[in-house]
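Colleague: See query-v5.cif below, with mmCIF, N, CA and C atoms.
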data_query
loop_
_atom_site.label_atom_id
_atom_site.label_comp_id
_atom_site.auth_asym_id
_atom_site.auth_seq_id
_atom_site.Cartn_x
_atom_site.Cartn_y
_atom_site.Cartn_z
N ILE A 1 0.83 -1.19 0.00
CA ILE A 1 0.00 0.00 0.00
C ILE A 1 0.87 1.24 0.00
N ARG A 2 1.94 1.20 0.71
CA ARG A 2 2.81 2.36 0.82
C ARG A 2 3.45 2.71 -0.53
N ASP A 3 3.86 1.70 -1.27
CA ASP A 3 4.47 1.94 -2.57
C ASP A 3 3.47 2.54 -3.55
N ARG A 4 2.21 2.15 -3.44
CA ARG A 4 1.17 2.66 -4.34
C ARG A 4 0.95 4.16 -4.17
N SER A 5 1.22 4.70 -2.98
CA SER A 5 1.02 6.14 -2.77
C SER A 5 1.95 6.96 -3.65
N LYS A 6 3.09 6.39 -4.04
CA LYS A 6 4.00 7.09 -4.93
C LYS A 6 3.46 7.11 -6.36
N ASP A 7 2.51 6.22 -6.65
CA ASP A 7 1.93 6.16 -7.99
C ASP A 7 0.80 7.16 -8.19
N VAL A 8 0.50 7.95 -7.17
CA VAL A 8 -0.53 8.98 -7.28
C VAL A 8 0.16 10.30 -7.61
N ILE A 9 -0.30 10.95 -8.66
CA ILE A 9 0.24 12.23 -9.10
C ILE A 9 -0.78 13.29 -8.73
N ILE A 10 -0.35 14.32 -8.04
CA ILE A 10 -1.27 15.38 -7.64
C ILE A 10 -1.04 16.58 -8.54
N ASN A 11 -1.99 16.80 -9.45
CA ASN A 11 -1.90 17.84 -10.46
C ASN A 11 -2.95 18.91 -10.14
N ALA A 12 -2.51 20.03 -9.59
CA ALA A 12 -3.40 21.15 -9.26
C ALA A 12 -4.58 20.70 -8.41
N GLY A 13 -4.31 19.84 -7.44
CA GLY A 13 -5.34 19.37 -6.53
C GLY A 13 -6.09 18.14 -7.00
N GLU A 14 -5.89 17.71 -8.23
CA GLU A 14 -6.54 16.51 -8.77
C GLU A 14 -5.60 15.32 -8.58
N ASN A 15 -6.13 14.21 -8.05
CA ASN A 15 -5.34 12.99 -7.91
C ASN A 15 -5.43 12.19 -9.19
N ILE A 16 -4.26 11.81 -9.71
CA ILE A 16 -4.19 11.04 -10.95
C ILE A 16 -3.51 9.72 -10.63
N SER A 17 -4.15 8.64 -11.01
CA SER A 17 -3.56 7.31 -10.85
C SER A 17 -2.67 7.03 -12.06
N SER A 18 -1.41 6.74 -11.81
CA SER A 18 -0.50 6.45 -12.92
C SER A 18 -0.93 5.18 -13.66
N VAL A 19 -1.56 4.26 -12.96
CA VAL A 19 -2.01 3.01 -13.57
C VAL A 19 -3.10 3.30 -14.62
N GLU A 20 -3.99 4.25 -14.33
CA GLU A 20 -5.03 4.61 -15.30
C GLU A 20 -4.43 5.20 -16.58
N VAL A 21 -3.45 6.07 -16.41
CA VAL A 21 -2.81 6.70 -17.57
C VAL A 21 -2.06 5.63 -18.38
N GLU A 22 -1.38 4.73 -17.68
CA GLU A 22 -0.64 3.67 -18.36
C GLU A 22 -1.57 2.77 -19.16
N SER A 23 -2.77 2.50 -18.63
CA SER A 23 -3.70 1.62 -19.36
C SER A 23 -4.12 2.25 -20.68
N VAL A 24 -4.29 3.56 -20.72
CA VAL A 24 -4.62 4.24 -21.98
C VAL A 24 -3.42 4.19 -22.93
N LEU A 25 -2.22 4.40 -22.39
CA LEU A 25 -1.02 4.36 -23.23
C LEU A 25 -0.81 2.98 -23.84
N TYR A 26 -1.07 1.93 -23.06
CA TYR A 26 -0.91 0.58 -23.59
C TYR A 26 -1.90 0.29 -24.72
N GLY A 27 -2.97 1.06 -24.83
CA GLY A 27 -3.92 0.90 -25.91
C GLY A 27 -3.42 1.42 -27.25
N HIS A 28 -2.37 2.23 -27.24
CA HIS A 28 -1.81 2.75 -28.50
C HIS A 28 -1.13 1.60 -29.24
N PRO A 29 -1.36 1.45 -30.53
CA PRO A 29 -0.81 0.31 -31.27
C PRO A 29 0.72 0.25 -31.33
N ALA A 30 1.42 1.36 -31.15
CA ALA A 30 2.88 1.35 -31.26
C ALA A 30 3.58 1.17 -29.92
N VAL A 31 2.84 1.25 -28.81
CA VAL A 31 3.46 1.21 -27.48
C VAL A 31 3.68 -0.23 -27.03
N ASN A 32 4.92 -0.52 -26.66
CA ASN A 32 5.29 -1.83 -26.13
C ASN A 32 5.22 -1.81 -24.60
N GLU A 33 5.86 -0.82 -23.99
CA GLU A 33 5.86 -0.68 -22.53
C GLU A 33 5.62 0.78 -22.18
N ALA A 34 4.94 0.99 -21.04
CA ALA A 34 4.66 2.34 -20.59
C ALA A 34 4.79 2.42 -19.08
N ALA A 35 5.33 3.53 -18.61
CA ALA A 35 5.39 3.81 -17.18
C ALA A 35 5.15 5.30 -17.01
N VAL A 36 4.31 5.66 -16.05
CA VAL A 36 3.98 7.06 -15.80
C VAL A 36 4.38 7.40 -14.38
N VAL A 37 5.12 8.50 -14.25
CA VAL A 37 5.57 8.99 -12.94
C VAL A 37 5.30 10.49 -12.86
N ALA A 38 5.43 11.02 -11.66
CA ALA A 38 5.23 12.46 -11.46
C ALA A 38 6.48 13.22 -11.85
N ARG A 39 6.28 14.35 -12.52
CA ARG A 39 7.36 15.28 -12.81
C ARG A 39 7.00 16.62 -12.17
N PRO A 40 7.92 17.25 -11.48
CA PRO A 40 7.61 18.54 -10.86
C PRO A 40 7.15 19.55 -11.91
N ASP A 41 6.22 20.42 -11.50
CA ASP A 41 5.69 21.46 -12.38
C ASP A 41 5.60 22.76 -11.60
N GLU A 42 6.01 23.86 -12.23
CA GLU A 42 6.03 25.15 -11.55
C GLU A 42 4.64 25.64 -11.17
N LEU A 43 3.63 25.35 -11.99
CA LEU A 43 2.29 25.85 -11.73
C LEU A 43 1.38 24.85 -11.03
N ARG A 44 1.48 23.59 -11.41
CA ARG A 44 0.53 22.58 -10.94
C ARG A 44 1.05 21.69 -9.82
N GLY A 45 2.28 21.80 -9.45
CA GLY A 45 2.86 20.93 -8.43
C GLY A 45 3.51 19.72 -9.07
N GLU A 46 2.70 18.87 -9.71
CA GLU A 46 3.21 17.70 -10.42
C GLU A 46 2.39 17.50 -11.70
N THR A 47 3.02 16.95 -12.70
CA THR A 47 2.31 16.57 -13.92
C THR A 47 2.74 15.16 -14.30
N PRO A 48 1.90 14.43 -15.03
CA PRO A 48 2.28 13.10 -15.48
C PRO A 48 3.40 13.16 -16.53
N CYS A 49 4.36 12.28 -16.36
CA CYS A 49 5.48 12.14 -17.30
C CYS A 49 5.49 10.68 -17.76
N ALA A 50 5.34 10.45 -19.05
CA ALA A 50 5.25 9.10 -19.59
C ALA A 50 6.59 8.67 -20.18
N PHE A 51 7.06 7.51 -19.76
CA PHE A 51 8.24 6.88 -20.35
C PHE A 51 7.74 5.70 -21.16
N LEU A 52 8.09 5.67 -22.45
CA LEU A 52 7.57 4.65 -23.35
C LEU A 52 8.68 3.94 -24.10
N SER A 53 8.48 2.66 -24.33
CA SER A 53 9.29 1.95 -25.32
C SER A 53 8.31 1.48 -26.38
N LEU A 54 8.73 1.56 -27.63
CA LEU A 54 7.85 1.24 -28.75
C LEU A 54 8.12 -0.17 -29.26
N LYS A 55 7.15 -0.71 -30.00
CA LYS A 55 7.21 -2.10 -30.43
C LYS A 55 8.32 -2.40 -31.43
N ASP A 56 8.58 -1.48 -32.35
CA ASP A 56 9.62 -1.74 -33.35
C ASP A 56 10.24 -0.43 -33.83
N ALA A 57 11.30 -0.56 -34.61
CA ALA A 57 12.03 0.62 -35.09
C ALA A 57 11.18 1.47 -36.03
N ALA A 58 10.32 0.85 -36.80
CA ALA A 58 9.46 1.61 -37.72
C ALA A 58 8.52 2.52 -36.93
N ALA A 59 7.99 2.01 -35.83
CA ALA A 59 7.11 2.82 -34.98
C ALA A 59 7.90 3.95 -34.33
N ALA A 60 9.13 3.66 -33.95
CA ALA A 60 9.96 4.66 -33.28
C ALA A 60 10.23 5.86 -34.18
N SER A 61 10.33 5.62 -35.46
CA SER A 61 10.60 6.73 -36.37
C SER A 61 9.35 7.50 -36.77
N SER A 62 8.17 6.88 -36.60
CA SER A 62 6.95 7.55 -37.05
C SER A 62 6.10 8.12 -35.92
N VAL A 63 6.23 7.62 -34.71
CA VAL A 63 5.42 8.09 -33.58
C VAL A 63 6.17 9.20 -32.85
N THR A 64 5.45 10.30 -32.59
CA THR A 64 6.05 11.43 -31.90
C THR A 64 5.32 11.69 -30.59
N ALA A 65 5.91 12.53 -29.75
CA ALA A 65 5.28 12.89 -28.48
C ALA A 65 3.91 13.53 -28.70
N PRO A 66 3.75 14.46 -29.65
CA PRO A 66 2.41 15.01 -29.89
C PRO A 66 1.38 13.96 -30.31
N ASP A 67 1.82 12.90 -31.02
CA ASP A 67 0.91 11.81 -31.39
C ASP A 67 0.40 11.10 -30.14
N ILE A 68 1.30 10.83 -29.22
CA ILE A 68 0.94 10.14 -27.98
C ILE A 68 0.01 11.01 -27.14
N ILE A 69 0.32 12.30 -27.06
CA ILE A 69 -0.50 13.22 -26.28
C ILE A 69 -1.90 13.31 -26.89
N ALA A 70 -2.00 13.37 -28.21
CA ALA A 70 -3.31 13.40 -28.88
C ALA A 70 -4.09 12.12 -28.61
N TRP A 71 -3.41 10.99 -28.62
CA TRP A 71 -4.04 9.70 -28.31
C TRP A 71 -4.62 9.73 -26.89
N CYS A 72 -3.86 10.25 -25.96
CA CYS A 72 -4.31 10.31 -24.57
C CYS A 72 -5.50 11.26 -24.41
N ARG A 73 -5.50 12.37 -25.12
CA ARG A 73 -6.60 13.33 -25.01
C ARG A 73 -7.93 12.73 -25.45
N GLU A 74 -7.86 11.74 -26.35
CA GLU A 74 -9.10 11.08 -26.79
C GLU A 74 -9.65 10.12 -25.74
N GLY A 75 -8.76 9.59 -24.88
CA GLY A 75 -9.19 8.53 -23.98
C GLY A 75 -9.24 8.88 -22.50
N MET A 76 -8.94 10.13 -22.14
CA MET A 76 -8.95 10.49 -20.72
C MET A 76 -9.18 11.99 -20.56
N PRO A 77 -9.53 12.40 -19.34
CA PRO A 77 -9.69 13.84 -19.10
C PRO A 77 -8.39 14.59 -19.33
N ARG A 78 -8.49 15.83 -19.72
CA ARG A 78 -7.33 16.64 -20.08
C ARG A 78 -6.30 16.77 -18.95
N TYR A 79 -6.76 16.87 -17.69
CA TYR A 79 -5.81 17.03 -16.60
C TYR A 79 -4.95 15.79 -16.37
N MET A 80 -5.39 14.63 -16.90
CA MET A 80 -4.64 13.38 -16.73
C MET A 80 -3.61 13.14 -17.84
N VAL A 81 -3.69 13.90 -18.92
CA VAL A 81 -2.82 13.68 -20.08
C VAL A 81 -1.38 14.03 -19.72
N PRO A 82 -0.42 13.15 -20.04
CA PRO A 82 0.99 13.47 -19.77
C PRO A 82 1.43 14.72 -20.53
N ARG A 83 2.13 15.59 -19.84
CA ARG A 83 2.68 16.79 -20.49
C ARG A 83 4.06 16.51 -21.06
N THR A 84 4.69 15.45 -20.57
CA THR A 84 6.01 15.06 -21.05
C THR A 84 5.98 13.61 -21.49
N VAL A 85 6.54 13.33 -22.67
CA VAL A 85 6.64 11.96 -23.17
C VAL A 85 8.10 11.71 -23.52
N VAL A 86 8.66 10.67 -22.93
CA VAL A 86 10.06 10.32 -23.17
C VAL A 86 10.11 8.93 -23.80
N PHE A 87 10.75 8.83 -24.96
CA PHE A 87 10.91 7.54 -25.63
C PHE A 87 12.26 6.96 -25.24
N ARG A 88 12.24 5.68 -24.87
CA ARG A 88 13.47 4.97 -24.52
C ARG A 88 13.46 3.63 -25.25
N ALA A 89 14.65 3.14 -25.57
CA ALA A 89 14.74 1.84 -26.23
C ALA A 89 14.20 0.75 -25.32
N GLU A 90 14.51 0.87 -24.02
CA GLU A 90 14.05 -0.11 -23.04
C GLU A 90 13.88 0.58 -21.70
N LEU A 91 12.85 0.22 -20.98
CA LEU A 91 12.63 0.78 -19.65
C LEU A 91 13.44 -0.04 -18.63
N PRO A 92 13.95 0.62 -17.58
CA PRO A 92 14.73 -0.12 -16.58
C PRO A 92 13.86 -1.11 -15.83
N LYS A 93 14.39 -2.34 -15.65
CA LYS A 93 13.62 -3.40 -15.00
C LYS A 93 14.44 -4.12 -13.95
N THR A 94 13.73 -4.76 -13.02
CA THR A 94 14.37 -5.61 -12.03
C THR A 94 14.70 -6.94 -12.69
N SER A 95 15.35 -7.82 -11.95
CA SER A 95 15.69 -9.14 -12.49
C SER A 95 14.44 -9.98 -12.77
N THR A 96 13.33 -9.64 -12.13
CA THR A 96 12.08 -10.37 -12.37
C THR A 96 11.24 -9.74 -13.48
N GLY A 97 11.68 -8.62 -14.04
CA GLY A 97 11.00 -8.01 -15.17
C GLY A 97 10.06 -6.87 -14.81
N LYS A 98 10.00 -6.47 -13.54
CA LYS A 98 9.14 -5.36 -13.14
C LYS A 98 9.84 -4.03 -13.46
N ILE A 99 9.07 -3.07 -13.99
CA ILE A 99 9.64 -1.76 -14.32
C ILE A 99 10.03 -1.04 -13.03
N GLN A 100 11.24 -0.50 -13.01
CA GLN A 100 11.75 0.21 -11.84
C GLN A 100 11.32 1.67 -11.89
N LYS A 101 10.17 1.94 -11.31
CA LYS A 101 9.64 3.30 -11.37
C LYS A 101 10.48 4.28 -10.57
N TYR A 102 11.16 3.84 -9.53
CA TYR A 102 11.97 4.78 -8.76
C TYR A 102 13.10 5.35 -9.62
N VAL A 103 13.62 4.57 -10.56
CA VAL A 103 14.65 5.07 -11.48
C VAL A 103 14.03 6.14 -12.39
N LEU A 104 12.83 5.88 -12.87
CA LEU A 104 12.16 6.83 -13.75
C LEU A 104 11.76 8.10 -12.99
N ARG A 105 11.36 7.95 -11.72
CA ARG A 105 11.05 9.13 -10.90
C ARG A 105 12.28 10.03 -10.77
N ASN A 106 13.44 9.40 -10.55
CA ASN A 106 14.68 10.18 -10.44
C ASN A 106 15.01 10.88 -11.76
N LEU A 107 14.80 10.20 -12.89
CA LEU A 107 15.04 10.83 -14.20
C LEU A 107 14.10 12.02 -14.41
N ALA A 108 12.84 11.87 -14.01
CA ALA A 108 11.87 12.96 -14.16
C ALA A 108 12.27 14.15 -13.30
N LYS A 109 12.76 13.90 -12.09
CA LYS A 109 13.20 14.99 -11.22
C LYS A 109 14.43 15.69 -11.80
N GLU A 110 15.34 14.90 -12.39
CA GLU A 110 16.55 15.48 -12.99
C GLU A 110 16.22 16.36 -14.19
N MET A 111 15.11 16.08 -14.87
CA MET A 111 14.70 16.91 -16.00
C MET A 111 14.31 18.31 -15.54
N GLY A 112 14.00 18.43 -14.27
CA GLY A 112 13.59 19.72 -13.73
C GLY A 112 12.11 19.95 -13.90
N PRO A 113 11.60 21.01 -13.28
CA PRO A 113 10.16 21.27 -13.37
C PRO A 113 9.76 21.73 -14.75
N THR A 114 8.56 21.34 -15.14
CA THR A 114 8.02 21.84 -16.41
C THR A 114 7.49 23.24 -16.17
N SER A 115 7.52 24.02 -17.20
CA SER A 115 6.94 25.35 -17.15
C SER A 115 6.13 25.52 -18.42
N LYS A 116 5.44 26.61 -18.54
CA LYS A 116 4.55 26.81 -19.68
C LYS A 116 5.27 26.69 -21.03
N GLY A 117 6.49 27.15 -21.10
CA GLY A 117 7.21 27.17 -22.37
C GLY A 117 7.89 25.88 -22.74
N ARG A 118 8.16 24.99 -21.77
CA ARG A 118 8.92 23.77 -22.09
C ARG A 118 8.29 22.54 -21.44
N SER A 119 7.14 22.15 -21.94
CA SER A 119 6.41 21.07 -21.30
C SER A 119 6.59 19.71 -21.95
N ARG A 120 6.98 19.62 -23.21
CA ARG A 120 7.06 18.33 -23.89
C ARG A 120 8.47 18.06 -24.37
N MET A 121 8.79 16.78 -24.40
CA MET A 121 10.09 16.35 -24.91
C MET A 121 9.90 15.43 -26.08
#
What would the structure in this file look like if it were written as structure tokens?

Modeller:
Amino acid sequence: IRDRSKDVIINAGENISSVEVESVLYGHPAVNEAAVVARPDELRGETPCAFLSLKDAAAASSVTAPDIIAWCREGMPRYMVPRTVVFRAELPKTSTGKIQKYVLRNLAKEMGPTSKGRSRM
């Protein structure tokens, strides 16, 4: 239960479940793996940051962050849509294959807070 509390993103007073956002991302035909973590935001406190690995190289060259954001806008409320999308060849995993979200949380913090002018990657 304690670990799950880290999976809640508080965006301007709204609680966002990272699992809900991930389920919409997994519905995209090009997405192989998805993990959503909180990224600091100057105005909202935290915003969703999506780390994705794509199914193949052809998808990697044709799918962009705006495509993923548009896909999310169709399937969830606007406040839940990730403001940052990061593509990686592979997401960090434990020896049992579970995605290491704490590593991704640290990467999101290192990116610094999002602001109005620089919200997407």

Colleague: Which neighbours of segment 80-87 of chain A fall inside 8 Å, counting only C-alpha atoms, when residues of the same chain fewer than 3 positions from it are skipped, and could you give them as a PyMOL selection string?

Modeller: chain A and resi 16+21+47-54+65+68-69+72-73+76-77+119-121

Colleague: Since I can't run it myself right now, could you work out what the PyMOL selection byres ((chain A and resi 112) around 8) selects here and report it as a list in words?

Modeller: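 Applied to this file, the PyMOL selection byres ((chain A and resi 112) around 8) returns Arg39, Pro40, Asp41, Glu42, Leu107, Ala108, Lys109, Glu110, Met111, Pro113, Thr114 and Ser115 of chain A.
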
Colleague: Output the residue selection produced by the PyMOL selection byres (((chain A and resi 15 and name CA) around 12) and name CA) on the file above, formatted as a PDB file with N, CA and C atoms, in the frame of the given file.

Modeller:
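The result, stored in expr_39.pdb:
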ATOM      1  N   SER A   5       1.220   4.700  -2.980  1.00  0.00           N
ATOM      2  CA  SER A   5       1.020   6.140  -2.770  1.00  0.00           C
ATOM      3  C   SER A   5       1.950   6.960  -3.650  1.00  0.00           C
ATOM      4  N   LYS A   6       3.090   6.390  -4.040  1.00  0.00           N
ATOM      5  CA  LYS A   6       4.000   7.090  -4.930  1.00  0.00           C
ATOM      6  C   LYS A   6       3.460   7.110  -6.360  1.00  0.00           C
ATOM      7  N   ASP A   7       2.510   6.220  -6.650  1.00  0.00           N
ATOM      8  CA  ASP A   7       1.930   6.160  -7.990  1.00  0.00           C
ATOM      9  C   ASP A   7       0.800   7.160  -8.190  1.00  0.00           C
ATOM     10  N   VAL A   8       0.500   7.950  -7.170  1.00  0.00           N
ATOM     11  CA  VAL A   8      -0.530   8.980  -7.280  1.00  0.00           C
ATOM     12  C   VAL A   8       0.160  10.300  -7.610  1.00  0.00           C
ATOM     13  N   ILE A   9      -0.300  10.950  -8.660  1.00  0.00           N
ATOM     14  CA  ILE A   9       0.240  12.230  -9.100  1.00  0.00           C
ATOM     15  C   ILE A   9      -0.780  13.290  -8.730  1.00  0.00           C
ATOM     16  N   ILE A  10      -0.350  14.320  -8.040  1.00  0.00           N
ATOM     17  CA  ILE A  10      -1.270  15.380  -7.640  1.00  0.00           C
ATOM     18  C   ILE A  10      -1.040  16.580  -8.540  1.00  0.00           C
ATOM     19  N   ASN A  11      -1.990  16.800  -9.450  1.00  0.00           N
ATOM     20  CA  ASN A  11      -1.900  17.840 -10.460  1.00  0.00           C
ATOM     21  C   ASN A  11      -2.950  18.910 -10.140  1.00  0.00           C
ATOM     22  N   ALA A  12      -2.510  20.030  -9.590  1.00  0.00           N
ATOM     23  CA  ALA A  12      -3.400  21.150  -9.260  1.00  0.00           C
ATOM     24  C   ALA A  12      -4.580  20.700  -8.410  1.00  0.00           C
ATOM     25  N   GLY A  13      -4.310  19.840  -7.440  1.00  0.00           N
ATOM     26  CA  GLY A  13      -5.340  19.370  -6.530  1.00  0.00           C
ATOM     27  C   GLY A  13      -6.090  18.140  -7.000  1.00  0.00           C
ATOM     28  N   GLU A  14      -5.890  17.710  -8.230  1.00  0.00           N
ATOM     29  CA  GLU A  14      -6.540  16.510  -8.770  1.00  0.00           C
ATOM     30  C   GLU A  14      -5.600  15.320  -8.580  1.00  0.00           C
ATOM     31  N   ILE A  16      -4.260  11.810  -9.710  1.00  0.00           N
ATOM     32  CA  ILE A  16      -4.190  11.040 -10.950  1.00  0.00           C
ATOM     33  C   ILE A  16      -3.510   9.720 -10.630  1.00  0.00           C
ATOM     34  N   SER A  17      -4.150   8.640 -11.010  1.00  0.00           N
ATOM     35  CA  SER A  17      -3.560   7.310 -10.850  1.00  0.00           C
ATOM     36  C   SER A  17      -2.670   7.030 -12.060  1.00  0.00           C
ATOM     37  N   SER A  18      -1.410   6.740 -11.810  1.00  0.00           N
ATOM     38  CA  SER A  18      -0.500   6.450 -12.920  1.00  0.00           C
ATOM     39  C   SER A  18      -0.930   5.180 -13.660  1.00  0.00           C
ATOM     40  N   VAL A  19      -1.560   4.260 -12.960  1.00  0.00           N
ATOM     41  CA  VAL A  19      -2.010   3.010 -13.570  1.00  0.00           C
ATOM     42  C   VAL A  19      -3.100   3.300 -14.620  1.00  0.00           C
ATOM     43  N   GLU A  20      -3.990   4.250 -14.330  1.00  0.00           N
ATOM     44  CA  GLU A  20      -5.030   4.610 -15.300  1.00  0.00           C
ATOM     45  C   GLU A  20      -4.430   5.200 -16.580  1.00  0.00           C
ATOM     46  N   VAL A  21      -3.450   6.070 -16.410  1.00  0.00           N
ATOM     47  CA  VAL A  21      -2.810   6.700 -17.570  1.00  0.00           C
ATOM     48  C   VAL A  21      -2.060   5.630 -18.380  1.00  0.00           C
ATOM     49  N   ALA A  38       5.430  11.020 -11.660  1.00  0.00           N
ATOM     50  CA  ALA A  38       5.230  12.460 -11.460  1.00  0.00           C
ATOM     51  C   ALA A  38       6.480  13.220 -11.850  1.00  0.00           C
ATOM     52  N   ARG A  44       1.480  23.590 -11.410  1.00  0.00           N
ATOM     53  CA  ARG A  44       0.530  22.580 -10.940  1.00  0.00           C
ATOM     54  C   ARG A  44       1.050  21.690  -9.820  1.00  0.00           C
ATOM     55  N   GLY A  45       2.280  21.800  -9.450  1.00  0.00           N
ATOM     56  CA  GLY A  45       2.860  20.930  -8.430  1.00  0.00           C
ATOM     57  C   GLY A  45       3.510  19.720  -9.070  1.00  0.00           C
ATOM     58  N   GLU A  46       2.700  18.870  -9.710  1.00  0.00           N
ATOM     59  CA  GLU A  46       3.210  17.700 -10.420  1.00  0.00           C
ATOM     60  C   GLU A  46       2.390  17.500 -11.700  1.00  0.00           C
ATOM     61  N   THR A  47       3.020  16.950 -12.700  1.00  0.00           N
ATOM     62  CA  THR A  47       2.310  16.570 -13.920  1.00  0.00           C
ATOM     63  C   THR A  47       2.740  15.160 -14.300  1.00  0.00           C
ATOM     64  N   PRO A  48       1.900  14.430 -15.030  1.00  0.00           N
ATOM     65  CA  PRO A  48       2.280  13.100 -15.480  1.00  0.00           C
ATOM     66  C   PRO A  48       3.400  13.160 -16.530  1.00  0.00           C
ATOM     67  N   TYR A  79      -6.760  16.870 -17.690  1.00  0.00           N
ATOM     68  CA  TYR A  79      -5.810  17.030 -16.600  1.00  0.00           C
ATOM     69  C   TYR A  79      -4.950  15.790 -16.370  1.00  0.00           C
ATOM     70  N   MET A  80      -5.390  14.630 -16.900  1.00  0.00           N
ATOM     71  CA  MET A  80      -4.640  13.380 -16.730  1.00  0.00           C
ATOM     72  C   MET A  80      -3.610  13.140 -17.840  1.00  0.00           C
TER      73      MET A  80
END

Colleague: In Å, with one decimal, what is the gap from atom CA of Asp67 of chain A to atom CA of Lys98 of chain A?

Modeller: 26.4 Å

Colleague: Calculate how many Å separate atom CA of Ala34 of chain A from atom N of Ile99 of chain A, rounding to one decimal.

Modeller: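 Separating atom CA of Ala34 of chain A from atom N of Ile99 of chain A is a distance of 9.6 Å.
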
Colleague: So which bits of chain A end up strand (DSSP E) when you DSSP the backbone, as a ChimeraX atom specification?

Modeller: /A:8-11,14-17,31-41,45-54,84-87

Colleague: Report the distance between atom CA of Glu90 of chain A and atom CA of Glu33 of chain A in Å, rounded to one decimal place.

Modeller: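 Result for atom CA of Glu90 of chain A versus atom CA of Glu33 of chain A: 8.2 Å, one decimal.
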
Colleague: Taking the chain letters and numbering used in this document, name the residues of chain A that DSSP puts in alpha helix (DSSP H), as a ChimeraX atom specification.

Modeller: /A:18-26,57-62,65-75,101-110

Colleague: For Lys55 of chain A, list every protein, DNA or RNA residue within 8 Å, evaluated using only N, CA and C atoms, and leave out those in the same chain fewer than 4 positions away; present the list as an NGL selection string.

Modeller: :A and (29-33 or 59-60)

Colleague: Taking all atoms of segment 8-19 of chain A that appear in the file, build a box with edges along x, y and z, extend it by 5 Å on every side, and state its centre and edge lengths in Å to one decimal, as JSON.

Modeller:
{"center_x": -3.0, "center_y": 12.1, "center_z": -10.6, "size_x": 17.0, "size_y": 28.1, "size_z": 18.1}

Colleague: Measuring between only C-alpha atoms, which one of A:Thr94, A:Ala57, A:Val103, A:Gly75 shows the shortest distance to Gly27 of chain A?

Modeller: A:Gly75
